[in-house]
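So the structure is just underneath, and the comments pick up after that.
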Amino acid sequence: MKIDSAIEEQFDQMGDDHISSSEDTPLRDNAFALSDDEKIVKIKENVTQILETLGLDLTDDSLKGTPNRVAKMFVNEIFSGLHPDKKPKSSTFDNKYKYGEMLVEKNITLYSTCEHHLLPIVGRAHVAYISNGNVVGLSKMNRIVDYFAKRPQVQERLNIQIVRELQKVLNTEDVACIIDAKHLCVNSRGIRDIESSTVTAEYGGKFKEEATRREFLNFIKLETKF
């Protein structure tokens with residue numbers, strides 16, 4: 001398919017400006033028609049073609065396994081969050097001890113991939129909710145962050161997807177998420193600014209109120225000591 005140069009330039013600009021077109025990860029209707037093993041075979045073939053086009057000698061001992069390693073990494077690791085079957089089961093429990101204040105899980109390690117250049121996004125997520133009668137296991141919050149991070153992403157979308165999932169699991173609008181992350185498409189190419197990071201937030205329910213939002217921000221500024 002031939003793309004008009006003006007349209008191609010427009011798409012390139014969208015990527016350089018890190019603009020997202022959807023709150024949902026854009027997937028084809030037949031996204032899961034192939035098994036994971038079938039996807040690995042096809043991706044291996046495509047990676048082989050890319051590396052050979054770049055002029056690399058794939059008979060070299062160091063490179064001969066690269067296409068297979070990349071294919072398995074794409075399917076089983078860094079893009080495994082695309083498959084709905086991989087979504088963590090988030091069992092909830094009755095809030096029997098009637099804890100009615102904010103619960104904050106901060107400094108959740110986050111590894112994702114920028115969908116515009118397929119380069120890493122590395123940072124921290126801070127997630128909070130106020131119980132509406134249900135609570136969720138603490139590790140499940142980390143797993144939800146990890147699940148939505150393991151797909152080609154835009155950081156703003158990642159914020160929204162994390163909050164929407166926890167709102168659904170906890171049956172409350174009172175959920176918030178702040179992400180502070182470095183994008184290697186900014187740090188290692190283009191402007192190549194290694195110091196900058198990107199901070200995004202999504203607030204639901206009571207977190208849209210200034211006092212609640214301020215309490216959350218104060219929590220995540222606290223120094224964690226062990």
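As shown in the structure tokens, the chain order sets the letters A, B, ...; within each chain, residues go from 1, and ligands are also counted from 1 in the order they appear.
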TODO: Find the residues near Leu27 (chain A): any atom within 10 Å, counting only C-alpha atoms, skip ones fewer than 4 places away on the same chain, and give them as a ChimeraX atom specification.
DONE: /A:31-32,82
Open item on the list: Need to verify the contact set: Tyr111 (chain A), 9 Å, only C-alpha atoms, exclusion of same-chain residues closer than 4 positions in sequence. Can you return it as a list in words?
Closed with: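 So the residues in contact are Ile78, Pro120, Ile121, Val122, Gly123, Arg124, Asp146, Ala149, Lys150 and Ala181 of chain A.
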Task: Close residues, Ser139 (chain A) itself excluded, 10 Å, only C-alpha atoms, min 6 positions apart in chain, as a ChimeraX atom specification - done: /A:90,105,108
Export C-alpha atoms of the chosen residues as a CSV table (one decimal), in the first residue's frame?
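Contents of out-v2.csv, as written:
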chain,number,residue,atom,x,y,z
A,90,SER,CA,-8.6,-9.3,40.6
A,105,GLU,CA,0.1,1.9,46.4
A,108,ILE,CA,5.0,0.7,41.3
Task: Residue neighbourhood Lys182 (chain A), 12 Å, only C-alpha atoms, exclusion window fewer than 3 positions, as a list in words - done: Leu110, Tyr111, Ser112, Thr113, Cys114, Leu119, Pro120, Ile121, Val122, Gly123, Arg124, Ala125, Gln155, Ile179, Cys185, Val186, Asn187, Ser188, Arg192, Asp193, Ile194, Glu195, Ser196, Ser197, Thr198, Val199 and Thr200 of chain A
Task: Coordinates-based distance that separates CA of Arg143 (chain A) from CA of Phe216 (chain A) (Å, one decimal) - done: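 Going from CA of Phe216 (chain A) over to CA of Arg143 (chain A) covers 20.7 Å.
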Within 10 Å of region 205-208 of chain A, which residues of region 54-161 of chain A come that close, and what is the closest atom pair and distance in Å for each? Count only C-alpha atoms and give it as CSV.
residue,atom,partner,partner_atom,distance
A:Ala128,CA,A:Phe207,CA,9.1
A:Tyr129,CA,A:Phe207,CA,8.6
A:Ile130,CA,A:Lys206,CA,8.4
Task: Those in region 132-193 of chain A with strand (DSSP E) from DSSP, as a PyMOL selection string - done: chain A and resi 134-136+152-153+175-183
